[in-house]
Structures are given as C-alpha cells and as structure tokens.
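Next comes data_39.tsv, with TSV, N, CA and C atoms.
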```tsv
chain	number	residue	atom	x	y	z
L	1	MET	N	-3.53	-3.55	15.84
L	1	MET	CA	-4.18	-4.72	15.29
L	1	MET	C	-3.52	-5.03	13.96
L	2	SER	N	-3.48	-6.25	13.56
L	2	SER	CA	-2.74	-6.59	12.36
L	2	SER	C	-3.62	-7.17	11.27
L	3	GLY	N	-3.14	-6.98	10.06
L	3	GLY	CA	-3.67	-7.62	8.88
L	3	GLY	C	-5.15	-7.71	8.72
L	4	ASN	N	-5.65	-8.93	8.57
L	4	ASN	CA	-7.05	-9.17	8.22
L	4	ASN	C	-8.04	-8.83	9.34
L	5	ASN	N	-7.57	-8.66	10.56
L	5	ASN	CA	-8.47	-8.35	11.67
L	5	ASN	C	-8.88	-6.89	11.70
L	6	ARG	N	-8.09	-6.04	11.07
L	6	ARG	CA	-8.36	-4.61	11.10
L	6	ARG	C	-9.29	-4.23	9.95
L	7	PRO	N	-10.38	-3.53	10.26
L	7	PRO	CA	-11.25	-3.10	9.17
L	7	PRO	C	-10.56	-2.02	8.34
L	8	LEU	N	-10.71	-2.11	7.06
L	8	LEU	CA	-10.14	-1.10	6.18
L	8	LEU	C	-11.26	-0.23	5.64
L	9	VAL	N	-11.02	0.37	4.55
L	9	VAL	CA	-11.97	1.31	3.96
L	9	VAL	C	-13.23	0.59	3.48
L	10	ASN	N	-14.39	1.18	3.80
L	10	ASN	CA	-15.62	0.65	3.24
L	10	ASN	C	-16.38	1.73	2.48
L	11	PHE	N	-15.72	2.89	2.30
L	11	PHE	CA	-16.25	3.92	1.41
L	11	PHE	C	-15.14	4.88	1.04
L	12	LEU	N	-15.29	5.55	-0.08
L	12	LEU	CA	-14.37	6.58	-0.55
L	12	LEU	C	-15.16	7.82	-0.86
L	13	ILE	N	-14.56	8.97	-0.66
L	13	ILE	CA	-15.16	10.21	-1.10
L	13	ILE	C	-14.39	10.64	-2.34
L	14	VAL	N	-15.09	10.76	-3.43
L	14	VAL	CA	-14.47	11.16	-4.68
L	14	VAL	C	-15.14	12.45	-5.13
L	15	GLY	N	-14.34	13.41	-5.53
L	15	GLY	CA	-14.94	14.66	-5.97
L	15	GLY	C	-13.92	15.56	-6.64
L	16	ALA	N	-14.41	16.60	-7.21
L	16	ALA	CA	-13.57	17.60	-7.87
L	16	ALA	C	-13.25	18.71	-6.88
L	17	GLN	N	-12.31	19.56	-7.25
L	17	GLN	CA	-12.01	20.71	-6.42
L	17	GLN	C	-13.24	21.60	-6.31
L	18	ARG	N	-13.41	22.17	-5.13
L	18	ARG	CA	-14.51	23.10	-4.86
L	18	ARG	C	-15.88	22.43	-4.99
L	19	ALA	N	-15.94	21.12	-4.72
L	19	ALA	CA	-17.20	20.38	-4.86
L	19	ALA	C	-17.81	20.01	-3.50
L	20	GLY	N	-17.21	20.46	-2.41
L	20	GLY	CA	-17.78	20.20	-1.10
L	20	GLY	C	-17.21	18.99	-0.38
L	21	THR	N	-16.16	18.37	-0.91
L	21	THR	CA	-15.63	17.17	-0.27
L	21	THR	C	-14.99	17.47	1.08
L	22	THR	N	-14.40	18.63	1.26
L	22	THR	CA	-13.81	18.99	2.55
L	22	THR	C	-14.90	19.11	3.61
L	23	THR	N	-15.98	19.75	3.26
L	23	THR	CA	-17.10	19.88	4.20
L	23	THR	C	-17.68	18.51	4.54
L	24	LEU	N	-17.87	17.68	3.53
L	24	LEU	CA	-18.38	16.33	3.76
L	24	LEU	C	-17.44	15.55	4.68
L	25	ALA	N	-16.14	15.64	4.43
L	25	ALA	CA	-15.17	14.93	5.27
L	25	ALA	C	-15.25	15.42	6.72
L	26	ARG	N	-15.41	16.71	6.91
L	26	ARG	CA	-15.52	17.25	8.28
L	26	ARG	C	-16.77	16.73	8.99
L	27	TYR	N	-17.88	16.67	8.29
L	27	TYR	CA	-19.11	16.13	8.89
L	27	TYR	C	-18.91	14.66	9.26
L	28	LEU	N	-18.30	13.89	8.38
L	28	LEU	CA	-18.09	12.47	8.65
L	28	LEU	C	-17.15	12.25	9.83
L	29	GLN	N	-16.15	13.10	9.97
L	29	GLN	CA	-15.20	12.96	11.09
L	29	GLN	C	-15.88	13.15	12.44
L	30	GLU	N	-16.97	13.86	12.47
L	30	GLU	CA	-17.69	14.10	13.72
L	30	GLU	C	-18.49	12.88	14.19
L	31	HIS	N	-18.70	11.93	13.29
L	31	HIS	CA	-19.49	10.75	13.65
L	31	HIS	C	-18.62	9.78	14.43
L	32	GLU	N	-19.14	9.27	15.54
L	32	GLU	CA	-18.34	8.40	16.41
L	32	GLU	C	-18.01	7.04	15.82
L	33	ASP	N	-18.76	6.58	14.83
L	33	ASP	CA	-18.51	5.27	14.24
L	33	ASP	C	-17.69	5.33	12.95
L	34	ILE	N	-17.23	6.52	12.60
L	34	ILE	CA	-16.47	6.68	11.36
L	34	ILE	C	-15.05	7.12	11.69
L	35	PHE	N	-14.08	6.41	11.15
L	35	PHE	CA	-12.68	6.78	11.31
L	35	PHE	C	-12.16	7.22	9.96
L	36	MET	N	-11.59	8.40	9.93
L	36	MET	CA	-11.01	8.94	8.70
L	36	MET	C	-9.49	8.90	8.81
L	37	ALA	N	-8.82	8.78	7.68
L	37	ALA	CA	-7.36	8.86	7.67
L	37	ALA	C	-6.96	10.24	8.20
L	38	PRO	N	-5.79	10.34	8.84
L	38	PRO	CA	-5.35	11.62	9.39
L	38	PRO	C	-5.26	12.74	8.34
L	39	CYS	N	-4.90	12.38	7.13
L	39	CYS	CA	-4.86	13.37	6.06
L	39	CYS	C	-6.03	13.12	5.12
L	40	LYS	N	-6.62	14.18	4.61
L	40	LYS	CA	-7.82	14.04	3.79
L	40	LYS	C	-7.54	13.28	2.49
L	41	GLU	N	-6.40	13.54	1.89
L	41	GLU	CA	-6.05	12.90	0.62
L	41	GLU	C	-4.80	12.05	0.81
L	42	VAL	N	-4.96	10.75	0.83
L	42	VAL	CA	-3.80	9.88	1.09
L	42	VAL	C	-2.97	9.64	-0.17
L	43	HIS	N	-3.51	9.87	-1.34
L	43	HIS	CA	-2.79	9.73	-2.62
L	43	HIS	C	-2.10	8.36	-2.75
L	44	PHE	N	-2.82	7.33	-2.40
L	44	PHE	CA	-2.27	5.97	-2.53
L	44	PHE	C	-2.45	5.43	-3.94
L	45	PHE	N	-3.64	5.60	-4.50
L	45	PHE	CA	-3.94	5.01	-5.80
L	45	PHE	C	-3.48	5.86	-6.97
L	46	ASP	N	-3.14	7.10	-6.74
L	46	ASP	CA	-2.71	7.96	-7.85
L	46	ASP	C	-1.21	8.26	-7.83
L	47	ARG	N	-0.47	7.44	-7.15
L	47	ARG	CA	0.98	7.65	-7.09
L	47	ARG	C	1.62	7.43	-8.45
L	48	VAL	N	2.45	8.37	-8.84
L	48	VAL	CA	3.14	8.25	-10.12
L	48	VAL	C	4.57	7.74	-9.94
L	49	ASP	N	5.03	7.63	-8.70
L	49	ASP	CA	6.41	7.22	-8.44
L	49	ASP	C	6.56	5.71	-8.33
L	50	ALA	N	5.50	4.97	-8.63
L	50	ALA	CA	5.56	3.52	-8.45
L	50	ALA	C	5.09	2.76	-9.70
L	51	PRO	N	5.77	2.94	-10.84
L	51	PRO	CA	5.36	2.18	-12.02
L	51	PRO	C	5.52	0.68	-11.76
L	52	GLY	N	4.54	-0.08	-12.15
L	52	GLY	CA	4.58	-1.52	-11.93
L	52	GLY	C	4.35	-1.91	-10.49
L	53	HIS	N	3.84	-1.00	-9.69
L	53	HIS	CA	3.60	-1.28	-8.27
L	53	HIS	C	2.63	-2.46	-8.13
L	54	ASP	N	2.95	-3.35	-7.22
L	54	ASP	CA	2.10	-4.52	-6.97
L	54	ASP	C	0.98	-4.12	-6.03
L	55	TRP	N	-0.12	-3.59	-6.59
L	55	TRP	CA	-1.21	-3.06	-5.79
L	55	TRP	C	-1.86	-4.12	-4.91
L	56	GLY	N	-1.77	-5.39	-5.26
L	56	GLY	CA	-2.40	-6.44	-4.46
L	56	GLY	C	-1.43	-7.14	-3.53
L	57	GLY	N	-0.18	-6.73	-3.51
L	57	GLY	CA	0.83	-7.41	-2.71
L	57	GLY	C	0.78	-7.06	-1.24
L	58	VAL	N	1.50	-7.83	-0.45
L	58	VAL	CA	1.54	-7.64	1.00
L	58	VAL	C	2.12	-6.28	1.35
L	59	ARG	N	3.17	-5.88	0.67
L	59	ARG	CA	3.81	-4.59	0.97
L	59	ARG	C	2.85	-3.43	0.69
L	60	ALA	N	2.11	-3.50	-0.41
L	60	ALA	CA	1.15	-2.46	-0.73
L	60	ALA	C	0.05	-2.40	0.32
L	61	ARG	N	-0.41	-3.55	0.77
L	61	ARG	CA	-1.47	-3.57	1.79
L	61	ARG	C	-0.96	-2.97	3.09
L	62	GLN	N	0.26	-3.28	3.47
L	62	GLN	CA	0.83	-2.72	4.70
L	62	GLN	C	0.96	-1.21	4.60
L	63	GLU	N	1.38	-0.74	3.43
L	63	GLU	CA	1.49	0.70	3.22
L	63	GLU	C	0.12	1.37	3.32
L	64	TYR	N	-0.88	0.76	2.71
L	64	TYR	CA	-2.24	1.30	2.75
L	64	TYR	C	-2.79	1.30	4.17
L	65	GLU	N	-2.58	0.22	4.90
L	65	GLU	CA	-3.05	0.12	6.28
L	65	GLU	C	-2.39	1.17	7.17
L	66	SER	N	-1.17	1.57	6.83
L	66	SER	CA	-0.46	2.55	7.67
L	66	SER	C	-1.20	3.89	7.73
L	67	PHE	N	-2.03	4.19	6.72
L	67	PHE	CA	-2.80	5.43	6.76
L	67	PHE	C	-3.86	5.40	7.86
L	68	PHE	N	-4.21	4.21	8.30
L	68	PHE	CA	-5.28	4.04	9.29
L	68	PHE	C	-4.76	3.40	10.58
L	69	ALA	N	-3.46	3.49	10.82
L	69	ALA	CA	-2.82	2.81	11.94
L	69	ALA	C	-3.32	3.30	13.30
L	70	GLN	N	-3.81	4.52	13.37
L	70	GLN	CA	-4.28	5.05	14.65
L	70	GLN	C	-5.64	4.52	15.04
L	71	HIS	N	-6.29	3.82	14.12
L	71	HIS	CA	-7.65	3.33	14.38
L	71	HIS	C	-7.61	2.17	15.36
L	72	ALA	N	-8.33	2.31	16.44
L	72	ALA	CA	-8.42	1.23	17.44
L	72	ALA	C	-9.81	0.63	17.36
L	73	VAL	N	-9.87	-0.68	17.22
L	73	VAL	CA	-11.16	-1.38	17.12
L	73	VAL	C	-11.64	-1.74	18.50
```
Go ahead and express the file in the form of structure tokens.
Amino acid sequence: MSGNNRPLVNFLIVGAQRAGTTTLARYLQEHEDIFMAPCKEVHFFDRVDAPGHDWGGVRARQEYESFFAQHAV
C-alpha cells in the first residue's frame, strides 16, 4: 500500500532502560489489531548521522514507512 492510504504510527512507547518497555512491546505484539515494527527500536528520530534532515519531506516519510512495510491493511 502506498503513501497516505497506509496507516502509520498512532502511539509510541517511550521509556528508560529496565523500565518494562520490552515486556509491554511483547504484550502489544500479541494483539491482533496492533502491528509493531519488526525491530523494537527503529531509531528514526534520534539519528545523529543526518544533520539538517528534512523530517517532513517525502524522502523522510518513505524511510519511516519502510519500518512498517510488512503491514497489510
């Protein structure tokens, strides 16, 4: 599915190390209506290799969507 038709993130799990986020992510993955990215930490917003990155641009959106490419609606 492409672009605006594909649902993206509607929640984030934010937490510190040893705060239970792995357990929470595992519980959420078991729910049939929730799709999680294949990797627990996608590190999209904390990238240090992209100074001046156009976070709102088409290329950034495509990169972000690629984390959820396996999701079938």
Which residue out of L:Ser66, L:Gln17, L:Asn10, L:Thr22 has the minimum interatomic distance to L:Lys40 when only N, CA and C atoms are used?
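Among L:Ser66, L:Gln17, L:Asn10, L:Thr22, it is L:Thr22 that comes nearest to L:Lys40.
Atom pair atom CA of L:Thr21 / atom CA of L:Gln62 has a distance of 26.3 Å (rounded to one decimal).
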Atom C of L:Ala25 and atom C of L:Ala60, how far apart in Å?
24.3 Å
So the first atom is atom CA of L:Val9 and the second is atom N of L:Arg61; what is the distance between them in Å, to one decimal place?
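Atom CA of L:Val9 sits 12.9 Å away from atom N of L:Arg61.
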Of the candidates L:Leu28, L:Ile34, L:Cys39, L:Leu12, which one gets nearest to L:Phe67 if we count only N, CA and C atoms?
L:Cys39
